[in-house]
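Visitor: Questions regarding the structure given below will be posed in turn.
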Amino acid sequence: MTDIHLETKNLSFTYHDGTQALKNVNIQIKKGEKIAIMGPNGAGKSTLFSHFNGLTEPTSGHVEVDGDELIYERDELLKVRQKVGIVFQDPNDQLFAPTVKEDVAFGPMNLGLEYDEVKARITEALEMVGMTGFEDKTPHHLSGGQQKRVAIAGIIAMRPEIMILDEPTAGLDPEGVDKVLAILNKLNEEGISIVISSHDIEMVNQFAEKIFVLYNGEIIAEGDKHQIFSDKELLKKAHLKAPITTEILYKLKENGLNVDTEKISVDETVNEILNAKNI
Ligand SMILES: Nc1ncnc2c1ncn2[C@@H]1O[C@H](COP(=O)(O)OP(=O)(O)OP(=O)(O)O)[C@@H](O)[C@H]1O
Ligand SMILES: [Mg+2]
């Protein structure tokens with residue numbers, strides 16, 4: 001038994017028009033981890049995610065789930081898609097049924113579950129994302145944030161072991177962001193490994209334990225939040241910005257205060273400021 005849940009080995013991918021979107025990507029995601037893949041527009045995040053459940057086949061290299069290499073045949077892919085659930089960047093790519101409940105039902109029905117079980121899963125998933133009462137609405141008549149939550153419910157209803165979410169909080173209001181993060185944390189507490197992509201550093205700071213930085217199709221760094229956020233050169237290269245707490249600590253240090261710039265949570269930062277002494 002391996003504790004590596006999802007892995008890519010020397011994964012490269014080139015689109016038909018010759019765009020080399022991924023170059024030799026090696027990442028490992030362990031069971032129960034909360035991971036963020038960060039990188040600027042066009043870095044290759046969505047392309048990478050589409051490899052995680054076999055939607056896209058690598059040009060070279062491969063993907064492993066629970067130590068098994070993905071096989072690009074229908075039955076094999078169905079098995080993989082039960083384990084690895086993907087919430088797309090754009091809910092319009094995901095939501096297609098005439099009503100919310102039919103949309104959420106689609107995945108569980110494809111698993112061949114009994115009617116009662118499907119119904120129970122719809123109720124549970126919509127409750128979890130705070131969309132109870134919207135069962136009969138048309139997904140396209142929902143707001144962007146509501147659509148995102150229904151898309152997440154559709155994947156929750158499949159009960160995957162790994163959830164991959166491409167920009168899960170883009171376009172959400174602050175309360176919506178907190179709600180989605182609370183859902184992801186709850187799923188993670190139940191043992192589900194979670195991988196998100198985002199350029200929202202404050203959100204990633206709140207959520208992820210480990211970060212991979214993707215730039216121009218290559219993983220240029222991996223590490224915990226402290227390592228990544230305190231590396232100014234790296235952030236600049238990847239068109240990312242440090243969290244505001246880190247910026248404040250850097251400014252204080254430049255102004256002669258002896259603070260640790262690797263502290264990143266609000267509480268840690270306040271503590272550093274309260275205890276700061278002149279160098
Ligand atoms: N269908 C396609 N055909 C050709 N090139 C593509 C296609 N889809 C994406 N690309 C290119 O592949 C590269 C990676 O795109 P991708 O969508 O994976 O980036 P991303 O990191 O998800 O960006 P964003 O933050 O904007 O969502 C880009 O250079 C993009 O132009
Ligand atoms: Mg993308």
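Order determines the names: the first chain of the structure tokens is A, the second B, and so forth; residues in each chain are numbered 1 upward, and ligands are numbered 1 upward as they are shown.
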For the structure I just gave you, how does DSSP split segment 2-162 of chain A - specifically, which residues are strand (DSSP E or B)? Reply as a PyMOL selection string.
Guide: chain A and resi 4-14+20-30+34-38+60-65+68-69+84-87+162
Visitor: Got a sec to check which residues lie within 9 Å of ligand 1, using only C-alpha atoms and all ligand atoms, and send them as a PyMOL selection string?
Guide: chain A and resi 14-22+38-50+89+166-167+197-199+214-217
Visitor: Rank nothing, just name the residue among A:Glu114, A:Glu218, A:Asp90, A:Asp173 nearest to ligand 2, using only C-alpha atoms and all ligand atoms.
Guide: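 Selected residue with least distance to ligand 2: A:Asp90.
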Visitor: Enter the distance from atom CA of His51 of chain A to atom CA of Asn110 of chain A, in Å, rounded to one decimal.
Guide: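 Interatomic distance, atom CA of His51 of chain A to atom CA of Asn110 of chain A: 20.8 Å.
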Visitor: So what do you get for atom CA of Lys101 of chain A versus atom CA of Phe52 of chain A, distance-wise?
Guide: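 For atom CA of Lys101 of chain A relative to atom CA of Phe52 of chain A, the distance reads 26.2 Å.
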Visitor: Pick out the residues sitting within 9 Å of segment 244-260 of chain A, and hand them over as JSON, numbers by chain; count only C-alpha atoms, and ignore anything fewer than 3 positions along from it in its own chain.
Guide: {"A": [202, 229, 230, 241, 263, 264, 265, 266, 269, 270, 272, 273, 275, 276, 277, 278, 279]}
Visitor: Just to be explicit: take each residue in the selection above, keep C-alpha atoms, and write the result as an mmCIF file, in the first residue's frame.
Guide:
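Contents of the output file out-v2.cif:
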```
data_model
loop_
_atom_site.group_PDB
_atom_site.id
_atom_site.type_symbol
_atom_site.label_atom_id
_atom_site.label_comp_id
_atom_site.auth_asym_id
_atom_site.auth_seq_id
_atom_site.Cartn_x
_atom_site.Cartn_y
_atom_site.Cartn_z
ATOM 1 C CA GLU A 202 -4.975 34.912 0.483
ATOM 2 C CA PHE A 229 5.384 32.847 0.328
ATOM 3 C CA SER A 230 8.679 34.044 1.739
ATOM 4 C CA LYS A 241 2.000 38.257 -4.824
ATOM 5 C CA LYS A 263 5.117 33.939 9.716
ATOM 6 C CA ILE A 264 2.029 34.035 7.541
ATOM 7 C CA SER A 265 -1.220 33.692 9.457
ATOM 8 C CA VAL A 266 -2.903 36.837 10.788
ATOM 9 C CA THR A 269 1.811 38.232 12.221
ATOM 10 C CA VAL A 270 0.104 40.168 15.010
ATOM 11 C CA GLU A 272 5.409 39.154 15.645
ATOM 12 C CA ILE A 273 4.415 42.834 15.569
ATOM 13 C CA ASN A 275 6.783 41.302 20.232
ATOM 14 C CA ALA A 276 8.980 43.080 17.656
ATOM 15 C CA LYS A 277 12.163 44.711 18.844
ATOM 16 C CA ASN A 278 14.481 47.041 16.967
ATOM 17 C CA ILE A 279 17.406 45.188 15.386
#
```
